[in-house]
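Structure record follows, encoded as structure tokens.
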Amino acid sequence: MEPFVRLEATAVPIGVPNIDTDQIIPARFLWRKRRDDWGQLLFHDLRFNDAGAPKPDFVLNRDAYRDARVVVADRNFGCGSSREHAVWALYDYGIRAVVAPSFGDIFFHNSFQNGLLPVVLPAERVAALRAVLEHSPGSKVAIDLEAQTVTGPNGAVDRFDVDPFRKECLLAGTDDVSFTLGHRERIVEFEKAYEAKVRWL
Amino acid sequence: MAEPATLFDKIWSSHAILVRPEGATLLHIDRHFVHDGSGNAFRMLKEKGLAVRRPDRTFATPDHYVSTLSHDLAAINEPHRRGVVEDLEANAKAADITLFGLADRRQGIVHIVGPEQGLSQPGMIMVCGDSHTATHGALGALAFGIGASEVAHVLATQTLWQRKPKNMRIVVDGTLADGVHAKDVILAIIARIGTAGGVGHVIEYAGSAIRALGIEGRLTICNMSIEAGARAGMVAPDDTTLAYLHGRPYAPTGADWDAALAYWGSLPSDADAQFDREVHLDAAEIAPMVTWGTSPEAAAPITGHVPDPARVTDAARRDSMQRELAYMDLRPGTPLAEIPIDRVFIGSCTNSRIEDLRAAAKVLDRRRAVVPAMAVPGSGLVKAQAEAEGLDAIFRRAGFEWREAGCSMCVGMNGDLVAPGERCASTSNRNFVGRQGKGARTHLMSPAMAAAAAVAGKLTDVRQFSTRP
């Protein structure tokens, strides 16, 4: 996993609440493998018309936002299906952080597993940030994971909370599995005691 | 004496292998379900050079991609879809995981199969790479959906790192009116608290109306916890739970059953346990519900009207409502009971159990659907039970297609799709834009309401349909 430390990049505002993972990546594409390029499928049915041509009114198709690496979204972003493909699509497109007032829980967890940072800020701060980005399309946002800050194009700084364990993993680019296997003895010991009690499992 | 604890607190603490100082907890996982969407997780495992650590705790069944016309593998006529089902069978075989395969009558939607086999039990932590895993919480388990990376983590370690969510209790007291079912209760709850209302929480459903429900109704309610944004939903085990579990293939027997009873009896929330949030609903006030928009919170009693965005003061909410109505092609003020439909789908992990099929068949008996309609049982065993009761004949006589078990038109990954622009009365769980197919318009409702809609050709109040003796 690629570490996330600090990022200053174009941010795209998507001010629609409840963007579900079906919209981020429609179900008919999900049979593909992780190593395939998911970026071209991101927001597929919002981004492309039936003939496969980009819809000019969709925000990612506007020139100013084409190289966006940050999404500034609305409440409950990534709700719905657990499909990790939604994170892969954002990541493969080039997105490395999503700022929103709230996230779908599973999407939130999946993001950390793939080097995509989900940042929760108060709704009014996210709305203010989206307003700045809409007013000055293509402007940049800086996100510093170490300092836990988001700096808007106008210099406004917001501090965000992040689970220290997830922060550590993201800063180092380590994934959970190797870390967990380091605790193998504790796991085995726990299972022994647990299975003695819940022996009908 | 120990601190008062909730059902959720008790399950959480009994599964904590270790807790890091900042709160991340390594949890033991009792049961792990994999399905035909789990291929990427198995590949991740392989790439790391790791094996499935506890195949004895892992169970597999194909559901998302299976054909509902026939369970011959060859009936999956699209090679990529057939490939993911073949991959699951190969992965299960290679890792020595119990598989309820296409040829097995126990095959079905993973969230139907778990409870039906007695695999889902009180006090367990259960996970699956599917957001509707909360379903199993109806048996008093903590069950939640995870993504592919976490599936790989569980396969490799039989554990998961989590931060403890908060406790929320939703109490539904009173008696449900005739024609009002579990699906109406959960839609009424989501309409009340919103699709993000449960974010960061595990919901315990309680109250006399929940107690009065059978396990199947409780499964429907817990199933849609994710649609309220919650990590999981659960109902404390009681006599109904024990009666349901007793004698199921994977339920404990003999002395183990007695030991299990003692343990399960200790699980319900203590009387003085604290919940971070409580919500109360009066069961008597719940009417049959339908959704009118593209989010499950856009639900209203069938006696209501399509809401008018112009009356909404919050600008963001107004915009979003306008977008929803444009997609759904609905005009503000239209009575919900006058919305014509093009198709009916009865199925999905929310509503494809035997009770659901019985409720729909009761409405369909000696009546005809006036639109194309299909009924898809949740498992091969549900299908067999329905056929033994003659329900398949009622569905067929009413003009319904009677299919093989699978996820089917809830998500359309197997090709069972609603056509662009078509309006579908559906017993599934999501009315998202494009969920049942590109441009498809979904109205969520109970099986009885979907059956009534099939007969009327429009959304309609099932309470106006007398069910004949």
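Residues are referred to by chain and number: the chain letter is A, B, ... according to the order shown in the structure tokens, the number counts from 1 in that chain, and ligands are numbered separately from 1 in the order shown.
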
Considering only C-alpha atoms, return as a ChimeraX atom specification whatever protein or nucleic-acid residues lie within 7 Å of Thr220 (chain B), sequence-local ones (same chain, fewer than 3 positions apart) excluded. /B:135,182-183,216-217,223-224,350-351

With 7 Å as the cut-off and only C-alpha atoms counted, what is the closest atom pair between each nearby residue of chain A and chain B? Distances in Å to one decimal, ordered by chain and number, as a Markdown table.
| residue | atom | partner | partner_atom | distance |
| --- | --- | --- | --- | --- |
| A:Val16 | CA | B:Ser320 | CA | 6.9 |
| A:Asp22 | CA | B:Arg435 | CA | 6.5 |
| A:Ala27 | CA | B:Met413 | CA | 6.1 |
| A:Arg28 | CA | B:Met413 | CA | 5.7 |
| A:Trp31 | CA | B:His80 | CA | 6.5 |
| A:Lys33 | CA | B:Asn40 | CA | 6.2 |
| A:Arg34 | CA | B:Asn40 | CA | 6.3 |
| A:Asn76 | CA | B:Ala196 | CA | 5.9 |
| A:Gly80 | CA | B:Glu227 | CA | 6.7 |
| A:Ser81 | CA | B:Ser131 | CA | 5.3 |
| A:Ser82 | CA | B:Ser131 | CA | 4.9 |
| A:Arg83 | CA | B:Gly147 | CA | 6.0 |
| A:Glu84 | CA | B:Gly147 | CA | 5.2 |
| A:Gly104 | CA | B:Gly229 | CA | 6.4 |
| A:Asp105 | CA | B:Arg231 | CA | 6.5 |
| A:Ile106 | CA | B:Ile146 | CA | 6.0 |
| A:Asn110 | CA | B:Gly147 | CA | 5.8 |
| A:Gln113 | CA | B:Ser149 | CA | 6.4 |
| A:Pro164 | CA | B:Glu22 | CA | 6.5 |
| A:Phe165 | CA | B:Ala24 | CA | 6.6 |
| A:Val177 | CA | B:His153 | CA | 5.6 |
| A:Leu181 | CA | B:Thr157 | CA | 6.9 |
| A:Ile187 | CA | B:Ile17 | CA | 6.5 |
| A:Phe190 | CA | B:Ile17 | CA | 6.1 |
| A:Trp200 | CA | B:Pro252 | CA | 5.6 |

Rounded to one decimal, what separation in Å do you get between CA of Asn154 (chain A) and CA of Ala127 (chain A)?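 Going from CA of Asn154 (chain A) over to CA of Ala127 (chain A) covers 14.0 Å.
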
Could you produce a table of the residues of region 252-330 of chain B lying within 12 Å of region 185-192 of chain B, with the nearest pair of atoms per residue and their separation in Å rounded to one decimal, using only C-alpha atoms, ordered by chain and increasing residue number, as CSV?
residue,atom,partner,partner_atom,distance
B:Val279,CA,B:Ile189,CA,8.9
B:His280,CA,B:Ile189,CA,9.3
B:Leu281,CA,B:Ile189,CA,7.8
B:Asp282,CA,B:Val185,CA,9.9
B:Ala283,CA,B:Val185,CA,7.7
B:Ala284,CA,B:Val185,CA,10.4
B:Glu285,CA,B:Ala188,CA,9.7
B:Ile286,CA,B:Val185,CA,6.8
B:Ala287,CA,B:Ala188,CA,8.4
B:Pro288,CA,B:Val185,CA,8.5
B:Met289,CA,B:Leu187,CA,6.6
B:Val290,CA,B:Leu187,CA,7.9
B:Thr291,CA,B:Leu187,CA,8.2
B:Trp292,CA,B:Ala191,CA,11.3
B:Gly293,CA,B:Ala191,CA,11.4
B:Ser295,CA,B:Ala191,CA,9.7
B:Pro296,CA,B:Ile190,CA,6.9
B:Glu297,CA,B:Ala191,CA,4.4
B:Ala298,CA,B:Ala191,CA,6.3
B:Ala299,CA,B:Ala191,CA,5.6
B:Ala300,CA,B:Ala191,CA,7.3
B:Pro301,CA,B:Ala188,CA,8.3
B:Ile302,CA,B:Ala188,CA,11.5

Those selected residues, please, written with N, CA and C atoms and delivered as a PDB file, in the first residue's frame.
ATOM      1  N   VAL B 279     -34.312   5.684  20.279  1.00  0.00           N
ATOM      2  CA  VAL B 279     -35.400   6.158  19.426  1.00  0.00           C
ATOM      3  C   VAL B 279     -36.611   5.298  19.734  1.00  0.00           C
ATOM      4  N   HIS B 280     -37.781   5.916  19.848  1.00  0.00           N
ATOM      5  CA  HIS B 280     -39.008   5.163  20.141  1.00  0.00           C
ATOM      6  C   HIS B 280     -40.004   5.317  19.000  1.00  0.00           C
ATOM      7  N   LEU B 281     -40.636   4.199  18.631  1.00  0.00           N
ATOM      8  CA  LEU B 281     -41.709   4.236  17.638  1.00  0.00           C
ATOM      9  C   LEU B 281     -42.918   3.510  18.204  1.00  0.00           C
ATOM     10  N   ASP B 282     -44.093   3.986  17.814  1.00  0.00           N
ATOM     11  CA  ASP B 282     -45.334   3.336  18.217  1.00  0.00           C
ATOM     12  C   ASP B 282     -45.775   2.430  17.071  1.00  0.00           C
ATOM     13  N   ALA B 283     -45.803   1.131  17.326  1.00  0.00           N
ATOM     14  CA  ALA B 283     -46.115   0.158  16.265  1.00  0.00           C
ATOM     15  C   ALA B 283     -47.473   0.445  15.631  1.00  0.00           C
ATOM     16  N   ALA B 284     -48.430   0.871  16.450  1.00  0.00           N
ATOM     17  CA  ALA B 284     -49.792   1.081  15.951  1.00  0.00           C
ATOM     18  C   ALA B 284     -49.853   2.204  14.911  1.00  0.00           C
ATOM     19  N   GLU B 285     -48.856   3.093  14.939  1.00  0.00           N
ATOM     20  CA  GLU B 285     -48.871   4.216  13.993  1.00  0.00           C
ATOM     21  C   GLU B 285     -48.222   3.875  12.657  1.00  0.00           C
ATOM     22  N   ILE B 286     -47.630   2.681  12.547  1.00  0.00           N
ATOM     23  CA  ILE B 286     -46.932   2.323  11.307  1.00  0.00           C
ATOM     24  C   ILE B 286     -47.928   1.763  10.290  1.00  0.00           C
ATOM     25  N   ALA B 287     -47.903   2.359   9.093  1.00  0.00           N
ATOM     26  CA  ALA B 287     -48.766   1.910   7.989  1.00  0.00           C
ATOM     27  C   ALA B 287     -47.892   1.179   6.973  1.00  0.00           C
ATOM     28  N   PRO B 288     -48.496   0.463   6.032  1.00  0.00           N
ATOM     29  CA  PRO B 288     -47.678  -0.106   4.956  1.00  0.00           C
ATOM     30  C   PRO B 288     -46.897   1.017   4.262  1.00  0.00           C
ATOM     31  N   MET B 289     -45.605   0.776   4.052  1.00  0.00           N
ATOM     32  CA  MET B 289     -44.719   1.828   3.543  1.00  0.00           C
ATOM     33  C   MET B 289     -44.287   1.540   2.107  1.00  0.00           C
ATOM     34  N   VAL B 290     -44.002   2.623   1.361  1.00  0.00           N
ATOM     35  CA  VAL B 290     -43.356   2.499   0.052  1.00  0.00           C
ATOM     36  C   VAL B 290     -42.322   3.617  -0.055  1.00  0.00           C
ATOM     37  N   THR B 291     -41.320   3.404  -0.887  1.00  0.00           N
ATOM     38  CA  THR B 291     -40.375   4.498  -1.128  1.00  0.00           C
ATOM     39  C   THR B 291     -40.756   5.209  -2.420  1.00  0.00           C
ATOM     40  N   TRP B 292     -40.467   6.503  -2.455  1.00  0.00           N
ATOM     41  CA  TRP B 292     -40.775   7.317  -3.644  1.00  0.00           C
ATOM     42  C   TRP B 292     -39.516   7.884  -4.292  1.00  0.00           C
ATOM     43  N   GLY B 293     -38.358   7.756  -3.608  1.00  0.00           N
ATOM     44  CA  GLY B 293     -37.123   8.395  -4.097  1.00  0.00           C
ATOM     45  C   GLY B 293     -36.023   7.398  -4.363  1.00  0.00           C
ATOM     46  N   SER B 295     -33.310   6.895  -2.245  1.00  0.00           N
ATOM     47  CA  SER B 295     -32.610   6.559  -1.013  1.00  0.00           C
ATOM     48  C   SER B 295     -33.665   5.936  -0.100  1.00  0.00           C
ATOM     49  N   PRO B 296     -33.313   4.915   0.667  1.00  0.00           N
ATOM     50  CA  PRO B 296     -34.334   4.242   1.482  1.00  0.00           C
ATOM     51  C   PRO B 296     -35.018   5.164   2.489  1.00  0.00           C
ATOM     52  N   GLU B 297     -34.403   6.315   2.805  1.00  0.00           N
ATOM     53  CA  GLU B 297     -35.057   7.239   3.739  1.00  0.00           C
ATOM     54  C   GLU B 297     -36.241   7.944   3.069  1.00  0.00           C
ATOM     55  N   ALA B 298     -36.302   7.890   1.747  1.00  0.00           N
ATOM     56  CA  ALA B 298     -37.415   8.502   1.016  1.00  0.00           C
ATOM     57  C   ALA B 298     -38.597   7.537   1.026  1.00  0.00           C
ATOM     58  N   ALA B 299     -39.087   7.249   2.217  1.00  0.00           N
ATOM     59  CA  ALA B 299     -40.180   6.293   2.387  1.00  0.00           C
ATOM     60  C   ALA B 299     -41.349   6.981   3.068  1.00  0.00           C
ATOM     61  N   ALA B 300     -42.574   6.556   2.702  1.00  0.00           N
ATOM     62  CA  ALA B 300     -43.768   7.178   3.279  1.00  0.00           C
ATOM     63  C   ALA B 300     -44.895   6.143   3.319  1.00  0.00           C
ATOM     64  N   PRO B 301     -45.884   6.385   4.178  1.00  0.00           N
ATOM     65  CA  PRO B 301     -47.040   5.487   4.189  1.00  0.00           C
ATOM     66  C   PRO B 301     -47.736   5.515   2.831  1.00  0.00           C
ATOM     67  N   ILE B 302     -48.281   4.384   2.411  1.00  0.00           N
ATOM     68  CA  ILE B 302     -48.938   4.277   1.108  1.00  0.00           C
ATOM     69  C   ILE B 302     -50.121   5.239   1.001  1.00  0.00           C
TER      70      ILE B 302
END

Expressed in Å to a single decimal, how great is the separation between CA of Leu267 (chain B) and CA of His183 (chain A)?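 So the answer is 28.3 Å.
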
Can you pull out the residues contacting Gly207 (chain B)? Cut-off 6 Å, using only C-alpha atoms, and skip same-chain residues under 3 positions away; I want them as a ChimeraX atom specification. /B:171-173,210

Selection from above, N, CA and C atoms, as a CSV table (one decimal), in the first residue's frame, can you write it?
chain,number,residue,atom,x,y,z
B,171,VAL,N,-36.6,1.3,20.0
B,171,VAL,CA,-37.7,0.5,20.7
B,171,VAL,C,-39.0,0.7,19.9
B,172,VAL,N,-39.6,-0.4,19.5
B,172,VAL,CA,-40.9,-0.3,18.8
B,172,VAL,C,-41.9,-1.1,19.7
B,173,ASP,N,-42.8,-0.3,20.4
B,173,ASP,CA,-43.7,-0.9,21.3
B,173,ASP,C,-45.1,-0.8,20.7
B,210,ILE,N,-41.2,-5.8,18.4
B,210,ILE,CA,-40.0,-6.6,17.9
B,210,ILE,C,-40.1,-8.0,18.5

Contacts of Gly138 (chain A) at 12 Å or less, counting only C-alpha atoms, minus same-chain residues fewer than 3 places along, as an NGL selection string? :A and (9-13 or 59-60 or 62-71 or 130 or 132-135 or 141 or 153)

Rank A:Leu170, A:Leu129, A:Ile19, A:Leu7 by their smallest atom-to-atom distance to Ile95 (chain A), using only C-alpha atoms, and report the top residue only. A:Leu7

Going by DSSP on the backbone, which bits of region 230-456 of chain B are strand (DSSP E)? Write them as number ranges by chain, please. B: 232-234, 277-282, 289-291, 299-301, 343-346, 373-375, 400-402, 423-426, 441-444
